[in-house]
>>> print(open('protein-v3.txt').read())   # compact mmCIF, C-alpha atoms
# COMPACT_ATOMS: atom_id res chain seq x y z
CA MET F 275 160.47 58.65 49.96
CA SER F 276 158.49 57.90 53.09
CA ALA F 277 158.34 54.51 54.76
CA THR F 278 154.70 54.22 53.66
CA GLU F 279 155.61 54.93 50.02
CA THR F 280 158.45 52.42 50.14
CA ARG F 281 156.12 49.77 51.59
CA GLN F 282 153.67 50.45 48.72
CA LEU F 283 156.53 50.19 46.19
CA ILE F 284 157.60 46.79 47.52
CA GLU F 285 153.97 45.60 47.69
CA THR F 286 153.54 46.65 44.04
CA TYR F 287 156.76 44.83 43.11
CA TYR F 288 155.54 41.57 44.67
CA ALA F 289 152.05 41.99 43.22
CA ALA F 290 153.66 42.20 39.77
CA PHE F 291 155.76 39.11 40.57
CA ASN F 292 152.68 37.13 41.58
CA ALA F 293 150.79 38.36 38.50
CA LEU F 294 153.61 36.92 36.32
CA ASN F 295 154.30 40.44 35.10
CA PRO F 296 158.08 40.92 34.71
CA GLU F 297 157.50 44.14 32.78
CA GLY F 298 155.65 45.54 35.78
CA MET F 299 158.56 44.60 38.03
CA THR F 300 161.09 46.14 35.64
CA ALA F 301 159.16 49.42 35.61
CA LEU F 302 159.81 49.74 39.37
CA VAL F 303 163.62 49.54 39.25
CA THR F 304 166.25 52.19 38.54
CA ASP F 305 168.14 52.22 35.24
CA ASP F 306 171.28 51.11 37.13
CA VAL F 307 169.60 48.58 39.46
CA GLU F 308 171.83 45.99 41.13
CA HIS F 309 170.14 42.60 41.24
CA ARG F 310 171.89 40.06 43.47
CA VAL F 311 170.46 36.56 43.57
CA ASN F 312 171.53 33.86 46.02
CA GLU F 313 174.45 31.80 44.69
CA GLY F 314 174.66 33.97 41.58
CA GLY F 315 176.43 36.99 40.22
CA ILE F 316 175.32 40.60 40.20
CA ARG F 317 173.15 41.76 37.32
CA ARG F 318 173.55 45.49 36.76
CA GLY F 319 171.05 47.57 34.87
CA ARG F 320 167.41 47.45 33.93
CA GLU F 321 168.10 45.44 30.76
CA LYS F 322 169.82 42.60 32.67
CA PHE F 323 167.03 42.65 35.25
CA ALA F 324 164.43 42.34 32.46
CA GLU F 325 166.37 39.43 30.90
CA PHE F 326 166.35 37.62 34.25
CA GLY F 327 162.60 38.17 34.63
CA ALA F 328 161.93 36.79 31.15
CA HIS F 329 164.11 33.74 31.86
CA MET F 330 162.40 33.04 35.17
CA GLY F 331 159.02 33.00 33.45
CA VAL F 332 160.18 30.23 31.13
CA SER F 333 161.98 28.02 33.67
CA TYR F 334 159.83 28.52 36.76
CA ARG F 335 156.25 29.27 37.76
CA GLU F 336 156.30 30.78 41.23
CA GLU F 337 153.91 32.45 43.62
CA LEU F 338 155.07 34.19 46.78
CA LYS F 339 152.91 33.72 49.87
CA ASP F 340 152.98 34.91 53.47
CA ILE F 341 154.87 38.06 52.46
CA VAL F 342 155.96 40.26 55.36
CA ILE F 343 157.57 43.59 54.49
CA PHE F 344 159.84 45.62 56.79
CA VAL F 345 160.81 49.24 56.04
CA ASN F 346 163.24 51.55 57.81
CA ASP F 347 162.05 54.95 59.08
CA ASP F 348 163.25 57.04 56.12
CA GLY F 349 162.09 54.57 53.45
CA SER F 350 165.57 54.06 51.95
CA ARG F 351 165.75 50.38 52.86
CA ALA F 352 163.28 47.52 53.01
CA ALA F 353 163.26 43.77 53.50
CA ALA F 354 160.72 41.07 52.86
CA GLU F 355 160.28 37.53 54.08
CA PHE F 356 158.08 35.13 52.12
CA VAL F 357 157.50 31.54 51.06
CA VAL F 358 158.00 30.57 47.42
CA HIS F 359 155.50 28.04 46.05
CA GLY F 360 156.89 27.00 42.70
CA GLU F 361 157.08 24.59 39.83
CA TYR F 362 160.30 23.85 37.94
CA LEU F 363 159.36 23.93 34.24
CA LYS F 364 162.54 24.04 32.14
CA THR F 365 166.03 22.87 33.11
CA ASP F 366 168.45 25.62 34.06
CA PRO F 367 172.11 24.91 33.17
CA GLY F 368 173.99 23.35 36.07
CA LEU F 369 170.81 22.45 37.97
CA PRO F 370 168.80 19.23 38.15
CA GLU F 371 166.58 18.27 35.23
CA ALA F 372 163.18 19.98 35.23
CA LYS F 373 160.15 17.69 35.12
CA GLY F 374 157.47 19.94 36.56
CA GLN F 375 158.61 19.38 40.14
CA LYS F 376 156.85 21.45 42.78
CA TYR F 377 158.68 23.08 45.66
CA ILE F 378 158.04 25.23 48.72
CA LEU F 379 160.97 27.36 49.82
CA PRO F 380 161.35 30.04 52.50
CA ALA F 381 163.18 33.09 51.13
CA GLY F 382 163.83 36.76 51.69
CA SER F 383 164.97 39.90 49.92
CA PHE F 384 166.62 43.17 50.86
CA PHE F 385 165.98 46.41 48.97
CA GLU F 386 167.59 49.80 48.58
CA VAL F 387 165.27 52.53 47.32
CA LYS F 388 166.35 55.74 45.58
CA GLY F 389 164.24 58.35 43.85
CA GLY F 390 161.04 56.35 44.23
CA ARG F 391 162.44 53.23 42.55
CA ILE F 392 164.21 50.07 43.63
CA ALA F 393 167.98 50.51 43.22
CA ARG F 394 169.14 47.20 44.71
CA ILE F 395 167.53 43.80 45.27
CA THR F 396 169.37 41.05 47.14
CA THR F 397 167.55 37.73 47.42
CA PHE F 398 168.45 34.78 49.64
CA TYR F 399 167.12 31.22 49.87
CA ASN F 400 168.56 27.82 50.71
CA LEU F 401 169.73 26.44 47.35
CA ASN F 402 170.50 23.02 48.85
CA ASP F 403 166.90 22.81 50.09
CA TRP F 404 165.59 23.67 46.62
CA VAL F 405 167.87 21.12 44.93
CA ALA F 406 166.78 18.43 47.39
CA GLN F 407 163.11 19.18 46.72
CA VAL F 408 163.39 19.08 42.91
CA SER F 409 165.67 16.01 43.02
CA ALA F 410 163.36 13.88 45.20
>>> encode(input="protein-v3.txt", output="C-alpha cells")
Amino acid sequence: MSATETRQLIETYYAAFNALNPEGMTALVTDDVEHRVNEGGIRRGREKFAEFGAHMGVSYREELKDIVIFVNDDGSRAAAEFVVHGEYLKTDPGLPEAKGQKYILPAGSFFEVKGGRIARITTFYNLNDWVAQVSA
C-alpha cells in the first residue's frame, strides 16, 4: 500500500470516528487487529474492536479535532496527533462518576497497516489529565 493510500485509510478511519460510525471504523481493520488503548489491555480481533466501539458510543461522545497524520514511505506505518473534545456520558467501571462532564485532551495513535487494512492501533493520552478534568 502506498503512503498516499495509507493516509487516505487513516483519514477515512477518523472520519468514521467523528461521524459516530463504529461500524465504519470496524470495516477498516483486519480480522486479527490488535487494539491497544492507553492504560488498558490489548483487544485482539475485529469482534473485540467492534465491542469497544459500541461501548465508547454509550459512555462517551467525542470529536477529534486538529488531526495531523504522518505516514512512512512504504505506507506500512502511520501516526496521528489530535485533540479529543468529549463529553463523559455514562460511568465506566473504576473511573469517576459520569455527569455529562466535558473535556479536551491531547492524544495520539500509532498504526500498522497490512493488506490495505489497519492491523494495529495503539492510542495514548494522559489519563491523569482526563480524570482531573472530569473530576473538577
>>> residues_near_point(input="protein-v3.txt", point="(155.0, 46.8, 48.7)", cutoff="10 Å", atoms="only C-alpha atoms", output="PDB file with C-alpha atoms, in the frame of the given file")
ATOM      1  CA  THR F 278     154.700  54.220  53.660  1.00  0.00           C
ATOM      2  CA  GLU F 279     155.610  54.930  50.020  1.00  0.00           C
ATOM      3  CA  THR F 280     158.450  52.420  50.140  1.00  0.00           C
ATOM      4  CA  ARG F 281     156.120  49.770  51.590  1.00  0.00           C
ATOM      5  CA  GLN F 282     153.670  50.450  48.720  1.00  0.00           C
ATOM      6  CA  LEU F 283     156.530  50.190  46.190  1.00  0.00           C
ATOM      7  CA  ILE F 284     157.600  46.790  47.520  1.00  0.00           C
ATOM      8  CA  GLU F 285     153.970  45.600  47.690  1.00  0.00           C
ATOM      9  CA  THR F 286     153.540  46.650  44.040  1.00  0.00           C
ATOM     10  CA  TYR F 287     156.760  44.830  43.110  1.00  0.00           C
ATOM     11  CA  TYR F 288     155.540  41.570  44.670  1.00  0.00           C
ATOM     12  CA  ALA F 289     152.050  41.990  43.220  1.00  0.00           C
ATOM     13  CA  ILE F 341     154.870  38.060  52.460  1.00  0.00           C
ATOM     14  CA  VAL F 342     155.960  40.260  55.360  1.00  0.00           C
ATOM     15  CA  ILE F 343     157.570  43.590  54.490  1.00  0.00           C
ATOM     16  CA  PHE F 344     159.840  45.620  56.790  1.00  0.00           C
ATOM     17  CA  VAL F 345     160.810  49.240  56.040  1.00  0.00           C
ATOM     18  CA  ALA F 352     163.280  47.520  53.010  1.00  0.00           C
ATOM     19  CA  ALA F 354     160.720  41.070  52.860  1.00  0.00           C
TER      20      ALA F 354
END
>>> residues_around(input="protein-v3.txt", residues="Phe385 (chain F)", least_positions_apart="3", cutoff="8 Å", atoms="only C-alpha atoms", output="list of chain:residue names")
F:Arg351, F:Ala352, F:Ala353, F:Ile392, F:Ala393, F:Arg394, F:Ile395, F:Thr396
>>> atom_distance(input="protein-v3.txt", atom1="CA of Gly368 (chain F)", atom2="CA of Phe323 (chain F)")
20.5 Å
>>> closest_residue(input="protein-v3.txt", among="F:Gly390, F:Glu337, F:Ala290, F:Lys322", to="Arg310 (chain F)", atoms="all atoms listed in the file")
F:Lys322
>>> closest_residue(input="protein-v3.txt", among="F:Glu297, F:Glu386, F:Glu355, F:Glu361", to="Tyr334 (chain F)", atoms="all atoms listed in the file")
F:Glu361
>>> build_atoms(input="protein-v3.txt", residues="region 370-381 of chain F", atoms="all heavy atoms", output="compact mmCIF listing (two decimals), in the coordinates of the input")
# COMPACT_ATOMS: atom_id res chain seq x y z
N PRO F 370 169.46 20.49 38.49
CA PRO F 370 168.80 19.23 38.15
C PRO F 370 167.82 19.39 36.98
O PRO F 370 167.37 20.49 36.67
CB PRO F 370 168.04 18.88 39.43
CG PRO F 370 168.76 19.59 40.52
CD PRO F 370 169.26 20.85 39.89
N GLU F 371 167.50 18.27 36.35
CA GLU F 371 166.58 18.27 35.23
C GLU F 371 165.17 18.66 35.69
O GLU F 371 164.69 18.20 36.72
CB GLU F 371 166.53 16.88 34.59
CG GLU F 371 165.61 16.82 33.38
CD GLU F 371 165.53 15.42 32.78
OE1 GLU F 371 166.29 14.53 33.20
OE2 GLU F 371 164.68 15.24 31.89
N ALA F 372 164.55 19.55 34.92
CA ALA F 372 163.18 19.98 35.23
C ALA F 372 162.18 18.99 34.66
O ALA F 372 162.26 18.58 33.50
CB ALA F 372 162.93 21.37 34.64
N LYS F 373 161.22 18.61 35.53
CA LYS F 373 160.15 17.69 35.12
C LYS F 373 158.83 18.15 35.73
O LYS F 373 157.99 17.33 36.05
CB LYS F 373 160.47 16.27 35.59
CG LYS F 373 161.74 15.69 35.05
CD LYS F 373 161.99 14.31 35.63
CE LYS F 373 163.38 14.29 36.20
NZ LYS F 373 163.68 13.11 36.97
N GLY F 374 158.69 19.44 35.95
CA GLY F 374 157.47 19.94 36.56
C GLY F 374 157.41 19.76 38.06
O GLY F 374 156.33 19.82 38.64
N GLN F 375 158.59 19.58 38.70
CA GLN F 375 158.61 19.38 40.14
C GLN F 375 158.09 20.61 40.88
O GLN F 375 158.38 21.73 40.50
CB GLN F 375 160.04 19.11 40.64
CG GLN F 375 160.77 17.98 39.98
CD GLN F 375 161.64 18.43 38.83
OE1 GLN F 375 161.21 19.18 37.95
NE2 GLN F 375 162.89 17.97 38.82
N LYS F 376 157.35 20.36 41.94
CA LYS F 376 156.85 21.45 42.78
C LYS F 376 157.76 21.58 44.00
O LYS F 376 158.36 20.61 44.44
CB LYS F 376 155.42 21.16 43.21
CG LYS F 376 154.45 21.14 42.02
CD LYS F 376 153.02 21.15 42.47
CE LYS F 376 152.07 20.97 41.32
NZ LYS F 376 151.95 22.04 40.41
N TYR F 377 157.85 22.81 44.50
CA TYR F 377 158.68 23.08 45.66
C TYR F 377 158.08 24.19 46.50
O TYR F 377 157.30 25.01 46.01
CB TYR F 377 160.13 23.43 45.26
CG TYR F 377 160.24 24.53 44.24
CD1 TYR F 377 160.36 25.87 44.63
CD2 TYR F 377 160.21 24.25 42.88
CE1 TYR F 377 160.46 26.87 43.68
CE2 TYR F 377 160.30 25.24 41.93
CZ TYR F 377 160.44 26.56 42.34
OH TYR F 377 160.52 27.57 41.39
N ILE F 378 158.43 24.18 47.77
CA ILE F 378 158.04 25.23 48.72
C ILE F 378 159.30 25.63 49.44
O ILE F 378 159.97 24.79 50.05
CB ILE F 378 156.96 24.73 49.70
CG1 ILE F 378 155.69 24.34 48.92
CG2 ILE F 378 156.65 25.80 50.75
CD1 ILE F 378 154.62 23.70 49.78
N LEU F 379 159.66 26.92 49.37
CA LEU F 379 160.97 27.36 49.82
C LEU F 379 160.88 28.70 50.55
O LEU F 379 160.45 29.69 49.96
CB LEU F 379 161.86 27.50 48.58
CG LEU F 379 163.32 27.73 48.76
CD1 LEU F 379 163.99 26.51 49.38
CD2 LEU F 379 163.96 28.02 47.40
N PRO F 380 161.28 28.75 51.81
CA PRO F 380 161.35 30.04 52.50
C PRO F 380 162.44 30.89 51.84
O PRO F 380 163.48 30.37 51.43
CB PRO F 380 161.75 29.68 53.93
CG PRO F 380 161.57 28.22 54.05
CD PRO F 380 161.66 27.64 52.68
N ALA F 381 162.21 32.20 51.76
CA ALA F 381 163.18 33.09 51.13
C ALA F 381 163.01 34.51 51.68
O ALA F 381 162.06 34.79 52.42
CB ALA F 381 163.00 33.08 49.61
